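Data file: entry_30.pdb. Format and content: PDB, C-alpha atoms.
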ATOM      1  CA  MET P 677     -25.626 -40.616   4.554
ATOM      2  CA  PRO P 678     -25.327 -36.839   4.137
ATOM      3  CA  GLU P 679     -28.490 -34.978   3.241
ATOM      4  CA  PRO P 680     -28.693 -33.936  -0.465
ATOM      5  CA  GLU P 681     -28.752 -30.271   0.587
ATOM      6  CA  ALA P 682     -25.530 -30.766   2.562
ATOM      7  CA  ASP P 683     -23.935 -32.278  -0.552
ATOM      8  CA  ALA P 684     -25.104 -29.312  -2.632
ATOM      9  CA  ALA P 685     -23.755 -26.827  -0.089
ATOM     10  CA  THR P 686     -20.360 -28.549  -0.067
ATOM     11  CA  GLU P 687     -20.280 -28.726  -3.854
ATOM     12  CA  ALA P 688     -21.041 -24.993  -4.200
ATOM     13  CA  PHE P 689     -18.438 -24.047  -1.619
ATOM     14  CA  VAL P 690     -15.741 -26.193  -3.232
ATOM     15  CA  GLU P 691     -16.614 -24.837  -6.681
ATOM     16  CA  HIS P 692     -16.117 -21.238  -5.580
ATOM     17  CA  ARG P 693     -13.420 -21.747  -2.956
ATOM     18  CA  ASN P 694     -10.553 -20.272  -5.000
ATOM     19  CA  LEU P 695     -12.641 -17.202  -5.776
ATOM     20  CA  LEU P 696     -13.619 -16.753  -2.120
ATOM     21  CA  PHE P 697     -10.009 -17.112  -0.961
ATOM     22  CA  THR P 698      -8.886 -14.523  -3.510
ATOM     23  CA  VAL P 699     -11.583 -12.062  -2.408
ATOM     24  CA  ALA P 700     -10.560 -12.483   1.236
ATOM     25  CA  TYR P 701      -6.833 -12.247   0.454
ATOM     26  CA  GLU P 702      -7.253  -9.056  -1.577
ATOM     27  CA  MET P 703      -9.265  -7.602   1.272
ATOM     28  CA  LEU P 704      -6.761  -8.588   3.967
ATOM     29  CA  GLY P 705      -3.320  -9.065   2.393
ATOM     30  CA  SER P 706      -2.923 -12.125   4.595
ATOM     31  CA  ALA P 707      -3.334 -15.727   3.457
ATOM     32  CA  ALA P 708      -3.603 -16.965   7.036
ATOM     33  CA  ASP P 709      -6.452 -14.575   7.782
ATOM     34  CA  ALA P 710      -8.077 -15.350   4.431
ATOM     35  CA  GLU P 711      -8.139 -19.039   5.373
ATOM     36  CA  ASP P 712      -9.787 -18.144   8.689
ATOM     37  CA  VAL P 713     -12.388 -16.111   6.793
ATOM     38  CA  LEU P 714     -13.113 -19.133   4.588
ATOM     39  CA  GLN P 715     -13.685 -21.267   7.674
ATOM     40  CA  GLU P 716     -16.128 -18.682   9.011
ATOM     41  CA  THR P 717     -17.799 -18.462   5.598
ATOM     42  CA  TRP P 718     -18.259 -22.227   5.488
ATOM     43  CA  MET P 719     -19.776 -22.312   8.978
ATOM     44  CA  ARG P 720     -22.388 -19.733   7.969
ATOM     45  CA  TRP P 721     -22.957 -21.212   4.526
ATOM     46  CA  SER P 722     -23.511 -24.724   5.877
ATOM     47  CA  GLY P 723     -26.486 -23.428   7.889
ATOM     48  CA  VAL P 724     -28.201 -21.644   4.997
ATOM     49  CA  ASP P 725     -31.438 -22.921   3.456
ATOM     50  CA  LEU P 726     -30.291 -23.365  -0.146
ATOM     51  CA  ALA P 727     -33.862 -23.213  -1.425
ATOM     52  CA  SER P 728     -33.881 -19.527  -0.475
ATOM     53  CA  VAL P 729     -30.633 -18.748  -2.349
ATOM     54  CA  ARG P 730     -31.079 -17.474  -5.910
ATOM     55  CA  ASP P 731     -27.358 -17.054  -6.765
ATOM     56  CA  ARG P 732     -25.007 -19.236  -4.718
ATOM     57  CA  ARG P 733     -21.831 -17.545  -5.954
ATOM     58  CA  ALA P 734     -23.150 -14.090  -5.028
ATOM     59  CA  TYR P 735     -24.348 -15.327  -1.642
ATOM     60  CA  LEU P 736     -20.964 -16.864  -0.830
ATOM     61  CA  VAL P 737     -19.134 -13.712  -1.937
ATOM     62  CA  THR P 738     -21.434 -11.664   0.318
ATOM     63  CA  ILE P 739     -20.653 -13.838   3.358
ATOM     64  CA  THR P 740     -16.907 -13.736   2.595
ATOM     65  CA  THR P 741     -16.938  -9.955   2.165
ATOM     66  CA  ARG P 742     -18.742  -9.386   5.444
ATOM     67  CA  GLN P 743     -16.377 -11.685   7.330
ATOM     68  CA  SER P 744     -13.382 -10.002   5.671
ATOM     69  CA  LEU P 745     -14.633  -6.548   6.671
ATOM     70  CA  SER P 746     -14.956  -7.648  10.286
ATOM     71  CA  ARG P 747     -11.469  -9.125  10.272
ATOM     72  CA  LEU P 748     -10.015  -6.118   8.423
ATOM     73  CA  ARG P 749     -10.958  -3.862  11.321
ATOM     74  CA  VAL P 750      -9.243  -6.234  13.752
ATOM     75  CA  LEU P 751      -6.161  -6.355  11.527
ATOM     76  CA  GLY P 752      -6.097  -2.560  11.457
ATOM     77  CA  ARG P 753      -5.685  -2.472  15.230
ATOM     78  CA  ARG P 754      -3.035  -5.208  15.033
ATOM     79  CA  LYS P 755      -1.041  -3.269  12.443
ATOM     80  CA  GLU P 756      -0.977  -0.196  14.676
ATOM     81  CA  SER P 757       1.322  -2.077  17.071
ATOM     82  CA  TYR P 758       3.241  -3.979  14.374
ATOM     83  CA  PHE P 759       7.021  -3.708  14.614
ATOM     84  CA  GLY P 760       8.432  -1.955  11.549
ATOM     85  CA  PRO P 761       6.822  -1.848   8.088
ATOM     86  CA  TRP P 762       3.888  -4.187   7.437
ATOM     87  CA  LEU P 763       3.934  -5.972   4.071
ATOM     88  CA  PRO P 764       1.357  -8.339   2.580
ATOM     89  CA  GLU P 765       1.934 -12.054   2.985
ATOM     90  CA  PRO P 766       3.575 -13.275  -0.261
ATOM     91  CA  LEU P 767       1.967 -16.110  -2.199
ATOM     92  CA  LEU P 768       3.778 -18.618  -4.379
ATOM     93  CA  THR P 769       1.564 -18.657  -7.465
ATOM     94  CA  SER P 770       1.301 -20.816 -10.580
ATOM     95  CA  PRO P 771       1.909 -19.626 -14.177
ATOM     96  CA  ASP P 772      -1.840 -19.525 -14.897
ATOM     97  CA  VAL P 773      -2.235 -16.689 -12.362
ATOM     98  CA  ALA P 774       0.354 -14.640 -14.265
ATOM     99  CA  GLU P 775      -1.590 -15.242 -17.486
ATOM    100  CA  ASP P 776      -4.635 -13.489 -15.999
ATOM    101  CA  VAL P 777      -3.161  -9.989 -16.240
ATOM    102  CA  GLU P 778      -5.934  -8.250 -14.311
ATOM    103  CA  LEU P 779      -5.822 -10.775 -11.482
ATOM    104  CA  ALA P 780      -2.008 -10.672 -11.272
ATOM    105  CA  ASP P 781      -2.059  -6.871 -11.190
ATOM    106  CA  SER P 782      -4.691  -6.823  -8.453
ATOM    107  CA  ILE P 783      -2.710  -9.120  -6.129
ATOM    108  CA  SER P 784       0.734  -7.626  -6.786
ATOM    109  CA  THR P 785       2.507  -6.395  -3.678
ATOM    110  CA  ALA P 786       2.476  -2.843  -5.021
ATOM    111  CA  MET P 787      -1.301  -2.924  -5.559
ATOM    112  CA  LEU P 788      -2.012  -4.526  -2.192
ATOM    113  CA  LEU P 789      -0.062  -1.702  -0.545
ATOM    114  CA  VAL P 790      -2.204   0.807  -2.445
ATOM    115  CA  LEU P 791      -5.334  -1.005  -1.233
ATOM    116  CA  GLU P 792      -4.006  -0.640   2.317
ATOM    117  CA  THR P 793      -4.558   3.114   1.994
ATOM    118  CA  LEU P 794      -8.300   2.661   1.419
ATOM    119  CA  ALA P 795     -10.897   2.609   4.178
ATOM    120  CA  PRO P 796     -12.316  -0.926   4.754
ATOM    121  CA  THR P 797     -15.602  -0.364   2.889
ATOM    122  CA  GLU P 798     -13.791   1.400   0.033
ATOM    123  CA  ARG P 799     -11.441  -1.542  -0.263
ATOM    124  CA  ALA P 800     -14.306  -4.027  -0.357
ATOM    125  CA  VAL P 801     -16.195  -2.053  -2.998
ATOM    126  CA  PHE P 802     -13.100  -1.558  -5.163
ATOM    127  CA  VAL P 803     -12.056  -5.211  -4.996
ATOM    128  CA  LEU P 804     -15.521  -6.569  -5.731
ATOM    129  CA  ARG P 805     -16.265  -4.139  -8.547
ATOM    130  CA  GLU P 806     -12.901  -3.680 -10.276
ATOM    131  CA  VAL P 807     -11.389  -7.129  -9.845
ATOM    132  CA  PHE P 808     -14.375  -9.466  -9.726
ATOM    133  CA  ASP P 809     -16.926  -7.397 -11.671
ATOM    134  CA  VAL P 810     -19.620  -7.908  -9.038
ATOM    135  CA  GLY P 811     -22.821  -5.952  -9.681
ATOM    136  CA  TYR P 812     -23.661  -2.872  -7.638
ATOM    137  CA  ALA P 813     -26.760  -4.517  -6.162
ATOM    138  CA  GLU P 814     -24.715  -7.463  -4.872
ATOM    139  CA  ILE P 815     -21.991  -5.171  -3.513
ATOM    140  CA  ALA P 816     -24.607  -3.064  -1.732
ATOM    141  CA  GLU P 817     -25.924  -6.221  -0.054
ATOM    142  CA  ALA P 818     -22.414  -7.303   0.920
ATOM    143  CA  VAL P 819     -21.329  -3.999   2.499
ATOM    144  CA  GLY P 820     -24.703  -2.887   3.867
ATOM    145  CA  LYS P 821     -25.006   0.297   1.803
ATOM    146  CA  SER P 822     -27.440   1.595  -0.792
ATOM    147  CA  GLN P 823     -26.588   1.146  -4.457
ATOM    148  CA  ALA P 824     -26.248   4.910  -4.843
ATOM    149  CA  ALA P 825     -23.785   5.021  -1.952
ATOM    150  CA  VAL P 826     -21.823   2.095  -3.405
ATOM    151  CA  ARG P 827     -21.506   3.859  -6.765
ATOM    152  CA  GLN P 828     -20.104   6.939  -5.021
ATOM    153  CA  ILE P 829     -17.702   4.832  -2.968
ATOM    154  CA  ALA P 830     -16.556   2.980  -6.109
ATOM    155  CA  HIS P 831     -15.899   6.271  -7.916
ATOM    156  CA  ARG P 832     -13.939   7.633  -4.966
ATOM    157  CA  ALA P 833     -11.936   4.413  -4.545
ATOM    158  CA  ARG P 834     -11.036   4.265  -8.263
ATOM    159  CA  ALA P 835      -9.746   7.841  -8.157
ATOM    160  CA  HIS P 836      -7.757   7.119  -4.992
ATOM    161  CA  VAL P 837      -6.145   4.015  -6.483
ATOM    162  CA  ALA P 838      -5.424   5.739  -9.818
ATOM    163  CA  GLU P 839      -3.466   8.454  -7.987
ATOM    164  CA  ARG P 840      -1.311   5.935  -6.145
ATOM    165  CA  ARG P 841      -0.782   3.009  -8.488
ATOM    166  CA  PRO P 842       2.610   2.772 -10.241
ATOM    167  CA  ARG P 843       3.151   4.959 -13.300
ATOM    168  CA  GLY P 844       4.753   3.421 -16.366
ATOM    169  CA  ALA P 845       4.413  -0.013 -14.789
ATOM    170  CA  ALA P 846       6.425  -2.737 -16.505
ATOM    171  CA  THR P 847       5.048  -5.800 -18.257
ATOM    172  CA  PRO P 848       5.721  -9.224 -16.723
ATOM    173  CA  LYS P 849       8.469  -9.773 -19.340
ATOM    174  CA  GLU P 850      10.190  -6.473 -18.466
ATOM    175  CA  THR P 851       9.845  -7.217 -14.759
ATOM    176  CA  ARG P 852      11.354 -10.671 -15.278
ATOM    177  CA  GLU P 853      14.344  -9.200 -17.139
ATOM    178  CA  VAL P 854      15.002  -6.531 -14.504
ATOM    179  CA  THR P 855      14.536  -9.095 -11.721
ATOM    180  CA  ALA P 856      17.079 -11.386 -13.390
ATOM    181  CA  ALA P 857      19.591  -8.508 -13.684
ATOM    182  CA  PHE P 858      19.029  -7.638 -10.020
ATOM    183  CA  GLN P 859      19.509 -11.296  -9.054
ATOM    184  CA  ARG P 860      22.799 -11.529 -10.961
ATOM    185  CA  ALA P 861      24.097  -8.374  -9.272
ATOM    186  CA  VAL P 862      23.113  -9.694  -5.830
ATOM    187  CA  GLU P 863      24.704 -13.093  -6.423
ATOM    188  CA  THR P 864      27.972 -11.596  -7.700
ATOM    189  CA  GLY P 865      28.103  -8.669  -5.277
ATOM    190  CA  ASP P 866      28.345  -6.276  -8.238
ATOM    191  CA  LEU P 867      27.691  -2.867  -6.690
ATOM    192  CA  GLN P 868      27.541  -1.029 -10.019
ATOM    193  CA  GLY P 869      25.335  -3.734 -11.448
ATOM    194  CA  LEU P 870      22.946  -3.210  -8.525
ATOM    195  CA  VAL P 871      22.933   0.565  -9.000
ATOM    196  CA  ASP P 872      22.213   0.129 -12.708
ATOM    197  CA  THR P 873      18.949  -1.706 -11.935
ATOM    198  CA  LEU P 874      17.706   0.883  -9.434
ATOM    199  CA  ALA P 875      15.756   4.096  -9.956
ATOM    200  CA  PRO P 876      17.326   7.133  -8.225
ATOM    201  CA  ASP P 877      14.430   7.282  -5.743
ATOM    202  CA  VAL P 878      14.067   3.516  -5.168
ATOM    203  CA  VAL P 879      12.558   2.547  -1.804
ATOM    204  CA  VAL P 880      13.186  -0.640   0.179
ATOM    205  CA  LEU P 881      10.686  -1.895   2.764
ATOM    206  CA  ALA P 882      11.443  -4.939   4.908
ATOM    207  CA  ASP P 883       9.024  -6.864   7.110
ATOM    208  CA  GLY P 884      10.605  -8.934   9.865
ATOM    209  CA  GLY P 885       7.588  -8.693  12.145
ATOM    210  CA  GLY P 886       9.856  -8.114  15.126
ATOM    211  CA  VAL P 887      10.946 -11.758  14.835
ATOM    212  CA  LYS P 888      13.644 -11.613  12.143
ATOM    213  CA  GLN P 889      16.174  -8.818  11.827
ATOM    214  CA  ALA P 890      15.084  -6.318   9.189
ATOM    215  CA  ILE P 891      15.399  -2.609   8.551
ATOM    216  CA  SER P 892      12.728  -0.884  10.636
ATOM    217  CA  LYS P 893      12.349   2.136   8.357
ATOM    218  CA  PRO P 894      12.310   2.590   4.575
ATOM    219  CA  VAL P 895      15.689   2.987   2.868
ATOM    220  CA  VAL P 896      15.572   5.453  -0.030
ATOM    221  CA  GLY P 897      17.987   6.152  -2.903
ATOM    222  CA  ALA P 898      19.943   3.957  -5.318
ATOM    223  CA  ASP P 899      23.325   4.331  -3.602
ATOM    224  CA  ARG P 900      21.978   3.609  -0.111
ATOM    225  CA  VAL P 901      19.940   0.650  -1.315
ATOM    226  CA  ALA P 902      22.859  -0.824  -3.266
ATOM    227  CA  ARG P 903      25.146  -0.507  -0.222
ATOM    228  CA  LEU P 904      22.464  -2.120   1.960
ATOM    229  CA  PHE P 905      22.349  -5.181  -0.281
ATOM    230  CA  GLN P 906      26.115  -5.283  -0.703
ATOM    231  CA  THR P 907      26.517  -5.360   3.089
ATOM    232  CA  GLY P 908      24.096  -8.276   3.298
ATOM    233  CA  ILE P 909      25.924 -10.102   0.532
ATOM    234  CA  SER P 910      29.293  -9.681   2.213
ATOM    235  CA  ARG P 911      27.901 -11.055   5.483
ATOM    236  CA  PHE P 912      25.752 -13.913   4.210
ATOM    237  CA  GLY P 913      26.744 -14.536   0.593
ATOM    238  CA  GLY P 914      28.259 -17.948   1.285
ATOM    239  CA  LYS P 915      25.101 -19.219   2.975
ATOM    240  CA  MET P 916      22.652 -17.547   0.616
ATOM    241  CA  LYS P 917      20.902 -19.047  -2.417
ATOM    242  CA  VAL P 918      18.615 -16.898  -4.565
ATOM    243  CA  ASP P 919      15.962 -18.475  -6.810
ATOM    244  CA  PRO P 920      13.469 -16.869  -9.210
ATOM    245  CA  VAL P 921       9.850 -17.615  -8.285
ATOM    246  CA  GLN P 922       6.346 -16.419  -9.146
ATOM    247  CA  VAL P 923       5.165 -14.215  -6.278
ATOM    248  CA  ASN P 924       1.591 -12.964  -6.365
ATOM    249  CA  GLY P 925       1.486 -13.526 -10.100
ATOM    250  CA  TRP P 926       4.717 -11.637 -10.803
ATOM    251  CA  PRO P 927       8.432 -12.486 -11.034
ATOM    252  CA  GLY P 928      10.080 -12.405  -7.624
ATOM    253  CA  LEU P 929      12.982 -13.890  -5.698
ATOM    254  CA  MET P 930      13.159 -16.422  -2.880
ATOM    255  CA  VAL P 931      16.237 -16.305  -0.672
ATOM    256  CA  ARG P 932      17.296 -19.434   1.200
ATOM    257  CA  MET P 933      19.800 -19.437   4.045
ATOM    258  CA  ASP P 934      21.325 -22.830   4.866
ATOM    259  CA  GLY P 935      18.547 -24.428   2.821
ATOM    260  CA  GLN P 936      15.663 -22.707   4.636
ATOM    261  CA  VAL P 937      13.425 -20.003   3.182
ATOM    262  CA  ASP P 938      14.711 -16.791   4.726
ATOM    263  CA  SER P 939      12.974 -14.081   2.734
ATOM    264  CA  VAL P 940      10.850 -13.375  -0.329
ATOM    265  CA  LEU P 941      11.432 -10.276  -2.445
ATOM    266  CA  THR P 942       9.135  -8.631  -4.924
ATOM    267  CA  LEU P 943      10.119  -5.685  -7.083
ATOM    268  CA  ARG P 944       8.113  -2.771  -8.425
ATOM    269  CA  VAL P 945       9.517  -1.930 -11.858
ATOM    270  CA  GLU P 946       8.672   1.275 -13.696
ATOM    271  CA  ASP P 947      10.222   2.494 -16.946
ATOM    272  CA  GLY P 948      12.825  -0.279 -16.821
ATOM    273  CA  LEU P 949      14.132   0.471 -13.313
ATOM    274  CA  ILE P 950      13.308  -0.814  -9.845
ATOM    275  CA  THR P 951      11.352   1.779  -7.862
ATOM    276  CA  GLY P 952      10.321  -0.467  -4.972
ATOM    277  CA  ILE P 953      11.781  -3.526  -3.243
ATOM    278  CA  TYR P 954       9.578  -5.391  -0.769
ATOM    279  CA  ASN P 955      11.387  -7.898   1.437
ATOM    280  CA  VAL P 956       9.297 -10.198   3.652
ATOM    281  CA  ARG P 957      11.289 -12.007   6.356
ATOM    282  CA  ASN P 958       8.577 -12.539   8.979
ATOM    283  CA  PRO P 959       8.511 -16.362   9.407
ATOM    284  CA  GLU P 960       4.753 -16.356  10.018
ATOM    285  CA  LYS P 961       4.236 -14.843   6.567
ATOM    286  CA  LEU P 962       6.550 -17.385   4.912
ATOM    287  CA  ALA P 963       5.143 -20.502   6.570
ATOM    288  CA  ARG P 964       3.011 -21.511   3.568
ATOM    289  CA  PHE P 965       5.297 -20.227   0.810
ATOM    290  CA  GLY P 966       6.568 -23.688  -0.075
ATOM    291  CA  GLU P 967       3.318 -24.633  -1.837
ATOM    292  CA  GLU P 968       1.458 -22.898  -4.654
ATOM    293  CA  THR P 969      -1.723 -21.057  -3.736
ATOM    294  CA  ALA P 970      -4.761 -21.591  -5.962
ATOM    295  CA  LEU P 971      -6.525 -18.347  -6.876
ATOM    296  CA  GLY P 972      -9.557 -17.603  -9.013
ATOM    297  CA  ARG P 973     -12.068 -15.051 -10.260
TER     298      ARG P 973
END
Kindly transcribe the structure held in the file into structure tokens.
Amino acid sequence: MPEPEADAATEAFVEHRNLLFTVAYEMLGSAADAEDVLQETWMRWSGVDLASVRDRRAYLVTITTRQSLSRLRVLGRRKESYFGPWLPEPLLTSPDVAEDVELADSISTAMLLVLETLAPTERAVFVLREVFDVGYAEIAEAVGKSQAAVRQIAHRARAHVAERRPRGAATPKETREVTAAFQRAVETGDLQGLVDTLAPDVVVLADGGGVKQAISKPVVGADRVARLFQTGISRFGGKMKVDPVQVNGWPGLMVRMDGQVDSVLTLRVEDGLITGIYNVRNPEKLARFGEETALGR
């Protein structure tokens, strides 16, 4: 028979698991690494004397944050040798994630790329404070800083993110409409239809991870981007099937080739036009895309 304390530890971990995964994913941009962090969190949590824990949720978030910070530094070195652009691992999400506007915004591909520009501690402080509304005292404990230092870091991180987050960002409904128009143009090979959905300075990033063929540098400009997609359509159109899906809480597209998931696209839409297209083709980042990921706050 398990000890009562072991039962309580398991119950607390299961209760907060979705929250802990979301914290780790927002810190790392990788579901695979977030799962590893949860394993490490559980190993440490299972050895804690629960009688000494005042707030189990806060304690678990602290462990997860510390493990994420350690892994984030390792990931930083890994990204330095990554082949081509690095994009966050896309998550297939349920409609309830999209209904939580703040959560959906925080895990959007565009926002995760903004978070990539923060230093590790800044990222942790921003995520915990702005997304999960964790108190300054708890954040200070998690990142090993004073509360005064954490407040300064939070202020600096907010300003940094505000400068870089999309301007005139679209609502989910607007994004869905533009995504549908883009999908129709791709499926029909309508070059003008593609151009009509794109902002003049649209940027395409593709992540093949050195495993799948993908553009190794950003492609910029509506005409160049439209021609890029038209070339792909002419080569693979007969084998390609495009389906609308919820990606990281937002409308996106899943491309299948011969029945297999080949790539996942998310779009950044501003003022009714596509300003960013993020195309993940790295098979390692698509391995879990067939099942919905449970998230929480």
Quiz item: Counting only C-alpha atoms, what is within 10 Å of region 798-805 of chain P, bar same-chain residues fewer than 2 positions away, as an MDAnalysis selection string?
Solution: chainID P and resid 698:700 702:704 737:738 741:742 744:745 748 782 790:796 807:812 814:816 818:819 826:834 836:837
Quiz prompt | For Trp926 (chain P), the nearest of the candidates P:Leu714, P:Val724, P:Val773, P:Leu962, counting all atoms listed in the file | solution = P:Val773
Quiz item: Smallest atom-to-atom distance to Asp872 (chain P): which of P:Ala902, P:Ala856, P:Ala727, P:Val887, using only C-alpha atoms?
Solution: P:Ala902
Quiz item: Of the residues P:Asp709, P:Asp938, P:Asp866, P:Glu853, which is the one nearest to Gln906 (chain P), using all atoms listed in the file?
Solution: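 The answer is P:Asp866, which sits nearest to Gln906 (chain P).
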Quiz prompt | Output check: residues returned by the PyMOL selection byres ((chain P and resi 758-767) around 6), as an NGL selection string | solution = :P and (705-706 or 755-757 or 768-769 or 883 or 885-886 or 892 or 923-924 or 961)
Practice problem: To one decimal in Å, tell me the separation between CA of Gly752 (chain P) and CA of Phe697 (chain P). | Solution: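 Distance between the two atoms: 19.5 Å.
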Which neighbours of region 945-958 of chain P fall inside 6 Å, counting all atoms listed in the file, when residues of the same chain fewer than 2 positions from it are skipped, and could you give them as a PDB file with C-alpha atoms, in the coordinates of the input?
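part13.pdb written:
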ATOM      1  CA  GLY P 844       4.753   3.421 -16.366  1.00  0.00           C
ATOM      2  CA  ALA P 845       4.413  -0.013 -14.789  1.00  0.00           C
ATOM      3  CA  ALA P 846       6.425  -2.737 -16.505  1.00  0.00           C
ATOM      4  CA  THR P 873      18.949  -1.706 -11.935  1.00  0.00           C
ATOM      5  CA  LEU P 874      17.706   0.883  -9.434  1.00  0.00           C
ATOM      6  CA  ALA P 875      15.756   4.096  -9.956  1.00  0.00           C
ATOM      7  CA  VAL P 878      14.067   3.516  -5.168  1.00  0.00           C
ATOM      8  CA  VAL P 879      12.558   2.547  -1.804  1.00  0.00           C
ATOM      9  CA  VAL P 880      13.186  -0.640   0.179  1.00  0.00           C
ATOM     10  CA  LEU P 881      10.686  -1.895   2.764  1.00  0.00           C
ATOM     11  CA  ALA P 882      11.443  -4.939   4.908  1.00  0.00           C
ATOM     12  CA  ASP P 883       9.024  -6.864   7.110  1.00  0.00           C
ATOM     13  CA  GLY P 884      10.605  -8.934   9.865  1.00  0.00           C
ATOM     14  CA  GLY P 885       7.588  -8.693  12.145  1.00  0.00           C
ATOM     15  CA  SER P 939      12.974 -14.081   2.734  1.00  0.00           C
ATOM     16  CA  VAL P 940      10.850 -13.375  -0.329  1.00  0.00           C
ATOM     17  CA  LEU P 941      11.432 -10.276  -2.445  1.00  0.00           C
ATOM     18  CA  THR P 942       9.135  -8.631  -4.924  1.00  0.00           C
ATOM     19  CA  LEU P 943      10.119  -5.685  -7.083  1.00  0.00           C
ATOM     20  CA  GLU P 960       4.753 -16.356  10.018  1.00  0.00           C
ATOM     21  CA  LYS P 961       4.236 -14.843   6.567  1.00  0.00           C
TER      22      LYS P 961
END
Quiz item: Suppose you want the space between CA of Ile909 (chain P) and CA of Ala963 (chain P); what is it in Å?
Solution: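 Here the two named atoms are 24.0 Å from each other.
Distance check against Arg693 (chain P) using only C-alpha atoms: of P:Leu736, P:Leu779, P:Ala774, P:Ala708, the minimum falls on P:Leu736.
Distance check against Thr740 (chain P) using all atoms listed in the file: of P:Ala813, P:Ala710, P:Val690, P:Val896, the minimum falls on P:Ala710.
With all atoms listed in the file as the atoms that count, the minimum distance from Tyr701 (chain P) to the choices P:Leu788, P:Ala682, P:Arg964, P:Glu850 is reached by P:Leu788.
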Quiz prompt | For CA of Leu726 (chain P) and CA of Ala684 (chain P), the interatomic separation in Å (one decimal) | solution = 8.3 Å
Please report, as JSON, the centre and edge lengths in Å to one decimal of an axis-aligned box covering all listed atoms of region 951-963 of chain P with 4 Å per side.
{"center_x": 8.0, "center_y": -9.4, "center_z": 1.1, "size_x": 15.5, "size_y": 30.3, "size_z": 25.9}
How about completing region 939-952 of chain P with N, CA and C atoms and giving it to me as a PDB file, keeping the file's coordinate frame?
ATOM      1  N   SER P 939      13.700 -15.283   3.123  1.00  0.00           N
ATOM      2  CA  SER P 939      12.974 -14.081   2.734  1.00  0.00           C
ATOM      3  C   SER P 939      12.443 -14.228   1.315  1.00  0.00           C
ATOM      4  N   VAL P 940      11.430 -13.433   1.018  1.00  0.00           N
ATOM      5  CA  VAL P 940      10.850 -13.375  -0.329  1.00  0.00           C
ATOM      6  C   VAL P 940      10.814 -11.915  -0.752  1.00  0.00           C
ATOM      7  N   LEU P 941      11.370 -11.645  -1.939  1.00  0.00           N
ATOM      8  CA  LEU P 941      11.432 -10.276  -2.445  1.00  0.00           C
ATOM      9  C   LEU P 941      10.559 -10.123  -3.675  1.00  0.00           C
ATOM     10  N   THR P 942       9.829  -9.034  -3.715  1.00  0.00           N
ATOM     11  CA  THR P 942       9.135  -8.631  -4.924  1.00  0.00           C
ATOM     12  C   THR P 942       9.608  -7.235  -5.291  1.00  0.00           C
ATOM     13  N   LEU P 943       9.604  -6.955  -6.583  1.00  0.00           N
ATOM     14  CA  LEU P 943      10.119  -5.685  -7.083  1.00  0.00           C
ATOM     15  C   LEU P 943       9.024  -4.928  -7.826  1.00  0.00           C
ATOM     16  N   ARG P 944       8.970  -3.631  -7.605  1.00  0.00           N
ATOM     17  CA  ARG P 944       8.113  -2.771  -8.425  1.00  0.00           C
ATOM     18  C   ARG P 944       9.004  -2.149  -9.487  1.00  0.00           C
ATOM     19  N   VAL P 945       8.691  -2.412 -10.748  1.00  0.00           N
ATOM     20  CA  VAL P 945       9.517  -1.930 -11.858  1.00  0.00           C
ATOM     21  C   VAL P 945       8.712  -0.919 -12.674  1.00  0.00           C
ATOM     22  N   GLU P 946       9.299   0.228 -12.895  1.00  0.00           N
ATOM     23  CA  GLU P 946       8.672   1.275 -13.696  1.00  0.00           C
ATOM     24  C   GLU P 946       9.709   1.850 -14.654  1.00  0.00           C
ATOM     25  N   ASP P 947       9.333   1.938 -15.929  1.00  0.00           N
ATOM     26  CA  ASP P 947      10.222   2.494 -16.946  1.00  0.00           C
ATOM     27  C   ASP P 947      11.597   1.816 -16.936  1.00  0.00           C
ATOM     28  N   GLY P 948      11.598   0.501 -16.719  1.00  0.00           N
ATOM     29  CA  GLY P 948      12.825  -0.279 -16.821  1.00  0.00           C
ATOM     30  C   GLY P 948      13.726  -0.269 -15.600  1.00  0.00           C
ATOM     31  N   LEU P 949      13.312   0.410 -14.531  1.00  0.00           N
ATOM     32  CA  LEU P 949      14.132   0.471 -13.313  1.00  0.00           C
ATOM     33  C   LEU P 949      13.301   0.082 -12.094  1.00  0.00           C
ATOM     34  N   ILE P 950      13.978  -0.396 -11.071  1.00  0.00           N
ATOM     35  CA  ILE P 950      13.308  -0.814  -9.845  1.00  0.00           C
ATOM     36  C   ILE P 950      13.012   0.418  -8.994  1.00  0.00           C
ATOM     37  N   THR P 951      11.735   0.641  -8.711  1.00  0.00           N
ATOM     38  CA  THR P 951      11.352   1.779  -7.862  1.00  0.00           C
ATOM     39  C   THR P 951      10.948   1.335  -6.462  1.00  0.00           C
ATOM     40  N   GLY P 952      10.683   0.036  -6.287  1.00  0.00           N
ATOM     41  CA  GLY P 952      10.321  -0.467  -4.972  1.00  0.00           C
ATOM     42  C   GLY P 952      10.806  -1.885  -4.772  1.00  0.00           C
TER      43      GLY P 952
END
